[in-house]
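coords.txt follows; it contains compact mmCIF, C-alpha atoms.
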# COMPACT_ATOMS: atom_id res chain seq x y z
CA MET A 1 16.93 33.40 -5.80
CA ALA A 2 17.67 30.53 -8.19
CA ARG A 3 15.16 29.84 -10.94
CA PRO A 4 12.96 26.81 -10.23
CA GLU A 5 13.96 23.64 -12.08
CA PRO A 6 12.10 22.95 -15.35
CA VAL A 7 9.05 20.77 -14.70
CA ASP A 8 10.13 17.97 -17.03
CA VAL A 9 13.46 17.64 -15.19
CA VAL A 10 11.66 17.35 -11.86
CA LYS A 11 9.16 14.81 -13.22
CA ALA A 12 11.83 12.70 -14.90
CA ARG A 13 13.90 12.60 -11.71
CA ARG A 14 10.94 11.56 -9.56
CA ASP A 15 9.70 8.97 -12.04
CA LYS A 16 13.17 7.45 -12.29
CA ALA A 17 13.55 7.31 -8.51
CA LEU A 18 10.18 5.57 -8.20
CA GLU A 19 11.06 3.15 -10.98
CA THR A 20 14.30 2.30 -9.16
CA LEU A 21 12.38 1.46 -5.98
CA VAL A 22 9.82 -0.73 -7.72
CA SER A 23 11.48 -2.45 -10.66
CA GLY A 24 14.00 -4.60 -8.80
CA ILE A 25 11.46 -6.52 -6.72
CA PRO A 26 10.42 -9.81 -8.36
CA TYR A 27 7.17 -10.25 -6.41
CA ILE A 28 5.90 -6.81 -7.51
CA ARG A 29 6.55 -7.78 -11.12
CA PHE A 30 4.96 -11.21 -10.58
CA LEU A 31 1.71 -9.60 -9.38
CA GLY A 32 1.87 -6.85 -12.03
CA VAL A 33 1.62 -4.00 -9.51
CA THR A 34 2.43 -0.52 -10.86
CA PHE A 35 2.41 2.94 -9.25
CA ASP A 36 0.73 6.16 -10.36
CA ARG A 37 2.44 9.29 -9.08
CA ARG A 38 0.99 12.79 -8.62
CA GLY A 39 3.63 14.93 -6.94
CA ASP A 40 4.59 12.88 -3.90
CA GLU A 41 1.25 11.02 -3.80
CA LEU A 42 1.43 7.38 -4.87
CA THR A 43 -1.44 5.12 -5.89
CA ALA A 44 -0.64 1.44 -6.28
CA VAL A 45 -2.48 -0.28 -9.13
CA LEU A 46 -3.16 -4.02 -9.30
CA PRO A 47 -4.43 -4.93 -12.78
CA PHE A 48 -6.79 -7.90 -12.64
CA SER A 49 -5.37 -11.25 -13.70
CA GLU A 50 -7.00 -14.71 -13.80
CA ASN A 51 -3.99 -15.90 -11.78
CA HIS A 52 -5.14 -13.75 -8.85
CA ILE A 53 -8.39 -15.66 -8.34
CA GLY A 54 -8.92 -17.48 -5.05
CA ASN A 55 -12.56 -18.54 -5.01
CA ALA A 56 -13.26 -19.51 -8.62
CA ALA A 57 -17.01 -19.91 -8.03
CA LEU A 58 -17.69 -16.26 -7.12
CA PRO A 59 -15.13 -15.38 -8.62
CA ALA A 60 -13.08 -13.37 -6.13
CA ILE A 61 -9.48 -12.21 -5.80
CA HIS A 62 -7.46 -14.40 -3.41
CA GLY A 63 -7.13 -12.79 0.03
CA GLY A 64 -3.40 -13.41 -0.19
CA VAL A 65 -3.21 -11.32 -3.38
CA THR A 66 -5.02 -8.47 -1.64
CA ALA A 67 -2.75 -8.73 1.41
CA SER A 68 0.35 -8.80 -0.80
CA PHE A 69 -0.88 -5.80 -2.77
CA LEU A 70 -1.49 -3.72 0.36
CA GLU A 71 1.84 -4.74 1.89
CA ILE A 72 3.67 -3.80 -1.32
CA SER A 73 1.87 -0.46 -1.33
CA ALA A 74 2.92 0.20 2.29
CA ILE A 75 6.58 -0.74 1.74
CA ILE A 76 6.96 1.36 -1.41
CA GLN A 77 5.23 4.35 0.22
CA LEU A 78 7.59 4.07 3.18
CA ASN A 79 10.69 3.81 0.99
CA TRP A 80 9.42 6.67 -1.17
CA SER A 81 9.14 8.92 1.88
CA LEU A 82 12.60 7.81 3.07
CA ILE A 83 14.30 8.82 -0.20
CA TRP A 84 12.24 11.95 -0.91
CA ASP A 85 14.56 14.59 0.56
CA GLN A 86 17.70 13.02 -0.89
CA MET A 87 16.01 12.68 -4.29
CA GLU A 88 14.84 16.30 -4.27
CA ARG A 89 18.41 17.43 -3.60
CA GLY A 90 19.34 15.65 -6.81
CA GLU A 91 21.26 12.82 -5.14
CA GLY A 92 19.47 10.03 -6.94
CA PRO A 93 18.34 7.57 -7.88
CA VAL A 94 18.74 6.05 -4.44
CA GLN A 95 17.97 2.46 -3.53
CA PRO A 96 17.75 2.26 0.26
CA ARG A 97 17.66 -1.09 2.02
CA LEU A 98 14.08 -2.25 2.37
CA PRO A 99 12.12 -1.83 5.61
CA LYS A 100 11.32 -5.16 7.30
CA THR A 101 7.69 -5.95 8.02
CA ILE A 102 7.19 -6.67 11.73
CA ASP A 103 3.47 -7.35 11.58
CA PHE A 104 0.65 -6.88 9.12
CA THR A 105 -3.05 -6.85 9.98
CA ILE A 106 -5.66 -6.85 7.26
CA ASP A 107 -9.45 -6.43 7.34
CA TYR A 108 -11.39 -7.80 4.42
CA LEU A 109 -14.39 -5.52 4.01
CA ARG A 110 -15.81 -6.76 0.73
CA SER A 111 -15.06 -9.57 -1.62
CA GLY A 112 -12.35 -8.64 -4.17
CA LEU A 113 -14.07 -8.44 -7.55
CA PRO A 114 -12.44 -9.65 -10.76
CA ARG A 115 -11.30 -6.19 -11.81
CA ASP A 116 -8.45 -3.73 -11.14
CA ALA A 117 -7.71 -2.66 -7.58
CA TYR A 118 -6.06 0.44 -6.16
CA ALA A 119 -4.33 1.23 -2.88
CA ARG A 120 -2.93 4.22 -1.07
CA ALA A 121 -0.77 4.02 2.02
CA ARG A 122 -0.49 6.70 4.70
CA ILE A 123 2.43 6.84 7.08
CA ILE A 124 0.92 7.31 10.52
CA ARG A 125 4.26 7.62 12.25
CA SER A 126 7.82 7.13 11.11
CA GLY A 127 10.53 7.40 13.72
CA ARG A 128 14.19 6.46 13.67
CA ARG A 129 13.63 2.72 13.98
CA TYR A 130 9.94 1.95 13.57
CA ALA A 131 7.16 3.04 11.27
CA SER A 132 3.41 2.52 11.42
CA VAL A 133 1.56 2.57 8.10
CA HIS A 134 -2.13 2.36 7.21
CA VAL A 135 -3.27 1.24 3.75
CA GLU A 136 -6.64 1.49 2.04
CA GLY A 137 -7.60 -0.67 -0.93
CA TRP A 138 -10.56 -0.10 -3.24
CA GLN A 139 -11.85 -1.11 -6.65
CA ASP A 140 -14.65 0.76 -8.43
CA ASN A 141 -15.44 3.35 -5.77
CA ARG A 142 -12.87 5.22 -3.73
CA ASP A 143 -15.26 5.39 -0.77
CA ARG A 144 -16.10 1.69 -0.78
CA LEU A 145 -12.93 0.04 0.51
CA PHE A 146 -12.62 -3.69 -0.11
CA ALA A 147 -9.70 -4.03 2.32
CA GLN A 148 -7.64 -2.02 4.75
CA ALA A 149 -4.48 -2.88 6.62
CA THR A 150 -2.18 -1.60 9.34
CA ALA A 151 1.46 -2.62 9.37
CA HIS A 152 4.55 -1.96 11.45
CA PHE A 153 8.00 -1.85 9.93
CA LEU A 154 11.56 -1.92 11.16
CA LEU A 155 13.42 0.79 9.27
CA PRO A 156 16.87 0.23 7.78
CA SER A 157 19.58 1.79 9.94
CA GLN A 158 20.51 5.30 8.77
CA ASP A 159 24.23 4.65 8.48
CA GLY A 160 24.12 1.86 5.97
CA MET B 161 -21.76 -32.24 3.31
CA ALA B 162 -23.13 -34.25 6.22
CA ASP B 163 -23.66 -37.34 4.07
CA LEU B 164 -20.04 -37.49 2.96
CA SER B 165 -17.46 -39.54 4.84
CA ASP B 166 -14.77 -37.48 6.58
CA ALA B 167 -12.14 -38.78 4.20
CA THR B 168 -14.13 -37.77 1.11
CA ARG B 169 -14.95 -34.38 2.59
CA ASN B 170 -11.31 -33.69 3.49
CA ASP B 171 -10.28 -34.75 0.03
CA ILE B 172 -12.73 -32.30 -1.57
CA ILE B 173 -11.50 -29.48 0.70
CA ALA B 174 -7.87 -30.21 -0.17
CA LYS B 175 -8.69 -30.20 -3.88
CA THR B 176 -10.76 -26.99 -3.64
CA ILE B 177 -8.07 -25.05 -1.79
CA GLY B 178 -5.20 -26.53 -3.80
CA SER B 179 -6.87 -25.71 -7.13
CA MET B 180 -7.34 -22.00 -6.47
CA PRO B 181 -5.58 -20.23 -9.36
CA PHE B 182 -3.41 -18.12 -7.06
CA ALA B 183 -2.44 -21.15 -4.96
CA GLN B 184 -1.34 -22.80 -8.19
CA ALA B 185 0.49 -19.68 -9.36
CA LEU B 186 2.72 -20.03 -6.28
CA SER B 187 2.79 -23.87 -6.56
CA MET B 188 1.17 -24.33 -3.12
CA ARG B 189 0.07 -27.85 -2.30
CA MET B 190 -2.13 -29.20 0.47
CA GLY B 191 -0.74 -31.57 3.05
CA THR B 192 -2.99 -33.32 5.54
CA VAL B 193 -6.46 -31.86 6.14
CA GLY B 194 -9.00 -32.87 8.77
CA ASN B 195 -10.72 -32.15 12.05
CA GLY B 196 -10.07 -28.42 11.95
CA GLU B 197 -6.37 -28.76 11.16
CA ALA B 198 -4.61 -28.26 7.85
CA GLU B 199 -1.13 -28.26 6.44
CA MET B 200 0.03 -26.56 3.25
CA ILE B 201 3.42 -26.26 1.59
CA MET B 202 4.82 -23.58 -0.71
CA PRO B 203 8.12 -24.27 -2.47
CA TYR B 204 10.68 -21.48 -2.74
CA HIS B 205 9.77 -19.47 -5.81
CA PRO B 206 12.08 -16.82 -7.37
CA ASP B 207 8.97 -14.86 -8.49
CA ALA B 208 7.90 -14.49 -4.84
CA VAL B 209 11.11 -12.78 -3.73
CA GLY B 210 10.55 -9.46 -1.98
CA ASP B 211 14.15 -8.41 -1.43
CA PRO B 212 16.44 -9.10 -4.40
CA GLU B 213 19.56 -8.33 -2.33
CA THR B 214 18.93 -11.22 0.05
CA GLY B 215 16.59 -13.49 -1.94
CA VAL B 216 14.14 -13.45 0.96
CA LEU B 217 10.50 -14.15 0.10
CA HIS B 218 8.02 -11.27 0.17
CA GLY B 219 5.85 -11.28 3.29
CA GLY B 220 2.78 -11.19 1.06
CA ALA B 221 3.56 -14.63 -0.37
CA VAL B 222 3.91 -16.13 3.13
CA SER B 223 0.69 -14.37 4.09
CA ALA B 224 -1.10 -15.89 1.07
CA LEU B 225 0.03 -19.36 2.15
CA LEU B 226 -1.11 -18.82 5.76
CA ASP B 227 -4.48 -17.45 4.60
CA SER B 228 -5.10 -20.42 2.29
CA CYS B 229 -4.06 -22.93 4.92
CA ALA B 230 -6.24 -21.23 7.55
CA GLY B 231 -9.21 -21.36 5.16
CA ALA B 232 -8.72 -25.11 4.74
CA ALA B 233 -8.59 -25.56 8.53
CA VAL B 234 -11.94 -23.77 8.85
CA LEU B 235 -13.60 -25.82 6.11
CA CYS B 236 -12.52 -29.15 7.63
CA HIS B 237 -13.74 -28.28 11.14
CA PRO B 238 -16.47 -30.76 12.17
CA ASP B 239 -18.96 -27.97 13.01
CA VAL B 240 -18.54 -26.10 9.73
CA SER B 241 -20.71 -26.85 6.71
CA THR B 242 -20.79 -23.52 4.87
CA ALA B 243 -18.43 -21.56 2.66
CA THR B 244 -15.92 -19.30 4.38
CA ALA B 245 -14.07 -16.07 3.69
CA THR B 246 -11.32 -14.31 5.62
CA LEU B 247 -12.66 -11.47 7.76
CA ASN B 248 -9.33 -10.43 9.21
CA LEU B 249 -5.86 -11.81 9.51
CA ARG B 250 -2.84 -10.69 11.49
CA ILE B 251 0.60 -11.89 10.48
CA ASP B 252 3.67 -11.55 12.70
CA TYR B 253 6.95 -11.97 10.88
CA MET B 254 9.40 -13.67 13.23
CA ARG B 255 12.37 -13.88 10.87
CA PRO B 256 13.04 -13.81 7.12
CA ALA B 257 12.36 -16.95 5.08
CA ARG B 258 15.76 -18.01 3.79
CA PRO B 259 16.32 -18.54 0.05
CA GLU B 260 15.69 -21.99 -1.46
CA GLN B 261 13.71 -23.17 1.57
CA ASP B 262 10.15 -24.52 1.31
CA ILE B 263 7.61 -22.92 3.63
CA ARG B 264 5.23 -25.19 5.53
CA ALA B 265 2.07 -23.72 7.06
CA ARG B 266 0.03 -25.43 9.76
CA ALA B 267 -3.33 -24.01 10.78
CA THR B 268 -5.76 -24.88 13.56
CA CYS B 269 -9.35 -23.76 13.67
CA TYR B 270 -9.67 -23.64 17.45
CA HIS B 271 -13.11 -22.13 17.96
CA VAL B 272 -16.29 -21.90 15.93
CA THR B 273 -19.46 -19.92 16.60
CA ARG B 274 -22.58 -19.78 14.42
CA SER B 275 -21.07 -17.07 12.25
CA ILE B 276 -17.32 -16.92 12.90
CA ALA B 277 -14.39 -19.34 12.92
CA PHE B 278 -11.16 -18.47 14.76
CA VAL B 279 -7.85 -19.75 13.44
CA ARG B 280 -4.18 -19.74 14.43
CA ALA B 281 -1.45 -20.65 11.99
CA THR B 282 2.32 -21.01 11.91
CA ALA B 283 4.74 -21.02 9.00
CA THR B 284 8.01 -22.92 9.36
CA GLU B 285 10.90 -23.20 6.99
CA GLY B 286 12.66 -26.02 5.22
CA GLY B 287 10.79 -28.88 6.91
CA GLY B 288 12.22 -27.93 10.32
CA ASP B 289 10.86 -26.05 13.31
CA ARG B 290 12.31 -22.64 12.44
CA VAL B 291 9.23 -20.39 12.61
CA VAL B 292 9.19 -17.60 10.03
CA ALA B 293 5.69 -16.25 10.71
CA THR B 294 2.61 -16.77 12.82
CA ALA B 295 -0.93 -15.71 12.05
CA SER B 296 -4.28 -15.42 13.73
CA GLY B 297 -7.55 -14.54 12.12
CA ALA B 298 -11.32 -14.67 12.00
CA PHE B 299 -13.24 -16.23 9.14
CA THR B 300 -16.88 -15.72 8.17
CA LEU B 301 -19.24 -18.68 8.07
CA GLN B 302 -22.04 -17.98 5.66
CA GLN B 303 -23.15 -19.11 2.27
CA THR B 304 -22.39 -15.93 0.36
CA ALA B 305 -19.32 -14.77 2.29
CA ILE B 306 -18.93 -10.99 2.53
CA GLY B 307 -20.05 -8.33 0.07
Can you give me the file's structure in the form of structure tokens?
Amino acid sequence: MARPEPVDVVKARRDKALETLVSGIPYIRFLGVTFDRRGDELTAVLPFSENHIGNAALPAIHGGVTASFLEISAIIQLNWSLIWDQMERGEGPVQPRLPKTIDFTIDYLRSGLPRDAYARARIIRSGRRYASVHVEGWQDNRDRLFAQATAHFLLPSQDG
Amino acid sequence: MADLSDATRNDIIAKTIGSMPFAQALSMRMGTVGNGEAEMIMPYHPDAVGDPETGVLHGGAVSALLDSCAGAAVLCHPDVSTATATLNLRIDYMRPARPEQDIRARATCYHVTRSIAFVRATATEGGGDRVVATASGAFTLQQTAIG
């Protein structure tokens, strides 16, 4: 049996593949969203910025920022799962065509505080053409979600 | 706000929504506001692109416009006199927003109860009738919003 790859080679390959997925998208850069990776688990991070404020009196993060953040988290999670096998075979970094959002439904559970936010997306089902993804967003406490969303995506065709 | 004229009230709502820092970050501007209906425009913005290959705007930016516009429609409804916050919002993406085209959102607050306002909104492209997204949502009506 072949020796397992050195851990730093594996980490570098995965980090580079993730960077390739994220870095080219202007809106992700505009919002300042980054991704923490632990194995295949991704956590999206939205550092607080004054530009993200909606209601200045509270103050609270604009609902559109929260929605954008959760949608970004869902799309990257989906793409990450789509490239995983190819990446692990060493055929990377791969930049697949992006899934198209069909619909996006968000629940606002608490007001978005002026501090960093986090999100994790879970793929509920991913078939050949469609995927259904659920996303949870929180700030200070993992168990106190400030928003959650469900989205459906049209997947890029496998042959191109 | 009962003592304000409709015109003054609508003007205050337009200024409040239009001056939100994130609305300004995406250069959104209010159009007409009144009687539970609002219009809001977002110019094409390279920073809001979600797919660099096609130059198509990220759905999140369109969603932010629809949310803001829907909030304005709630605030200018004749039966509403409190603050509002989005409780939920569903966006359906009909087709991609083409590069270099402004997006125009129109929202109607079509029903109000003591605690909830219901809104429908549509986003069209480039000043025409080409619909890129529709939205429907519920908004809270209470002084301190949620939380």
Write out as a Markdown table the residues of chain A that have any atom within 7 Å of an atom of chain B, one row each with the nearest atom pair and its distance in Å to one decimal, counting all atoms listed in the file, sorted by chain and then rising number.
| residue | atom | partner | partner_atom | distance |
| --- | --- | --- | --- | --- |
| A:Gly24 | CA | B:Pro212 | CA | 6.8 |
| A:Ile25 | CA | B:Gly210 | CA | 5.7 |
| A:Pro26 | CA | B:Asp207 | CA | 5.3 |
| A:Tyr27 | CA | B:Ala208 | CA | 4.6 |
| A:Phe30 | CA | B:Asp207 | CA | 5.8 |
| A:Asn51 | CA | B:Pro181 | CA | 5.2 |
| A:His52 | CA | B:Phe182 | CA | 5.0 |
| A:Ile53 | CA | B:Pro181 | CA | 5.5 |
| A:Gly54 | CA | B:Met180 | CA | 5.0 |
| A:Asn55 | CA | B:Met180 | CA | 6.4 |
| A:Ala56 | CA | B:Met180 | CA | 6.8 |
| A:His62 | CA | B:Phe182 | CA | 6.6 |
| A:Gly63 | CA | B:Ala224 | CA | 6.9 |
| A:Gly64 | CA | B:Ala224 | CA | 3.6 |
| A:Val65 | CA | B:Ala224 | CA | 6.7 |
| A:Ala67 | CA | B:Gly220 | CA | 6.1 |
| A:Ser68 | CA | B:Gly220 | CA | 3.9 |
| A:Glu71 | CA | B:Gly220 | CA | 6.6 |
| A:Thr101 | CA | B:Tyr253 | CA | 6.7 |
| A:Ile102 | CA | B:Tyr253 | CA | 5.4 |
| A:Asp103 | CA | B:Asp252 | CA | 4.4 |
| A:Phe104 | CA | B:Ile251 | CA | 5.2 |
| A:Thr105 | CA | B:Arg250 | CA | 4.1 |
| A:Ile106 | CA | B:Leu249 | CA | 5.5 |
| A:Asp107 | CA | B:Asn248 | CA | 4.4 |
| A:Tyr108 | CA | B:Leu247 | CA | 5.1 |
| A:Arg110 | CA | B:Gly307 | CA | 4.6 |
| A:Ser111 | CA | B:Gly307 | CA | 5.4 |
How big is the axis-aligned box around the listed atoms of segment 181-197 of chain B once 8 Å is added on each side, and where is its centre? Give both in Å to one decimal, as AutoDock Vina command-line options.
--center_x -4.0 --center_y -25.7 --center_z 1.3 --size_x 29.5 --size_y 31.2 --size_z 37.4
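The two atoms in question, atom CA of Thr268 of chain B and atom CA of Glu199 of chain B, are spaced 9.1 Å apart.
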Could you jot down the atom CA of Val135 of chain A to atom CA of Ala198 of chain B separation for me, Å, one decimal place?
29.8 Å
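For the atom pair formed by atom CA of Ala267 of chain B and atom CA of Ala232 of chain B, the distance is 8.2 Å, given to one decimal.
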Of the residues A:Leu78, A:Ala151, A:Ala44, A:Leu145, which is the one nearest to Tyr118 of chain A, using all atoms listed in the file?
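Looking at the shortest contact to Tyr118 of chain A, the residue is A:Ala44.
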Surrounding residues of Ala265 of chain B excluding itself and chain neighbours under 6 positions, 7 Å, all atoms listed in the file, as an mmCIF file with C-alpha atoms, keeping the file's coordinate frame:
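File result-v7.cif, as written:
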data_model
loop_
_atom_site.group_PDB
_atom_site.id
_atom_site.type_symbol
_atom_site.label_atom_id
_atom_site.label_comp_id
_atom_site.auth_asym_id
_atom_site.auth_seq_id
_atom_site.Cartn_x
_atom_site.Cartn_y
_atom_site.Cartn_z
ATOM 1 C CA GLU B 199 -1.130 -28.260 6.440
ATOM 2 C CA MET B 200 0.030 -26.560 3.250
ATOM 3 C CA ILE B 201 3.420 -26.260 1.590
ATOM 4 C CA LEU B 225 0.030 -19.360 2.150
ATOM 5 C CA LEU B 226 -1.110 -18.820 5.760
ATOM 6 C CA CYS B 229 -4.060 -22.930 4.920
ATOM 7 C CA ALA B 281 -1.450 -20.650 11.990
ATOM 8 C CA THR B 282 2.320 -21.010 11.910
ATOM 9 C CA ALA B 283 4.740 -21.020 9.000
ATOM 10 C CA THR B 284 8.010 -22.920 9.360
#
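The closest residue to Val291 of chain B, picked from B:Arg274, B:Val279, B:Ile263, B:Ala243 and counting only C-alpha atoms, is B:Ile263.
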Can you list, as a PyMOL selection string, every protein, DNA or RNA residue that comes within 12 Å of segment 136-140 of chain A when you count all atoms listed in the file, leaving out same-chain residues fewer than 3 positions away?
chain A and resi 43-48+61+65-74+106-123+133+143-151
Contacts of Ile173 of chain B at 12 Å (all atoms listed in the file; same-chain gap of 4+ positions) as JSON, numbers by chain:
{"B": [161, 164, 166, 167, 168, 169, 177, 178, 179, 180, 190, 191, 192, 193, 194, 195, 196, 197, 198, 199, 228, 229, 230, 231, 232, 233, 234, 235, 236, 237, 240, 241, 242, 243, 244]}
Point (3.7, -27.2, -2.7), cut-off 7 Å, counting only C-alpha atoms, residues as an MDAnalysis selection string:
chainID B and resid 187:190 201:203
Which of these residues is nearest to Val9 of chain A, using all atoms listed in the file: A:Gly90, A:Ser81, A:Leu58, A:Phe35?
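Ranked by minimum distance to Val9 of chain A, first place goes to A:Gly90.
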Measuring between all atoms listed in the file, which one of B:Ser165, B:Ile172, B:Val292, B:Val216 shows the shortest distance to Pro259 of chain B?
B:Val216
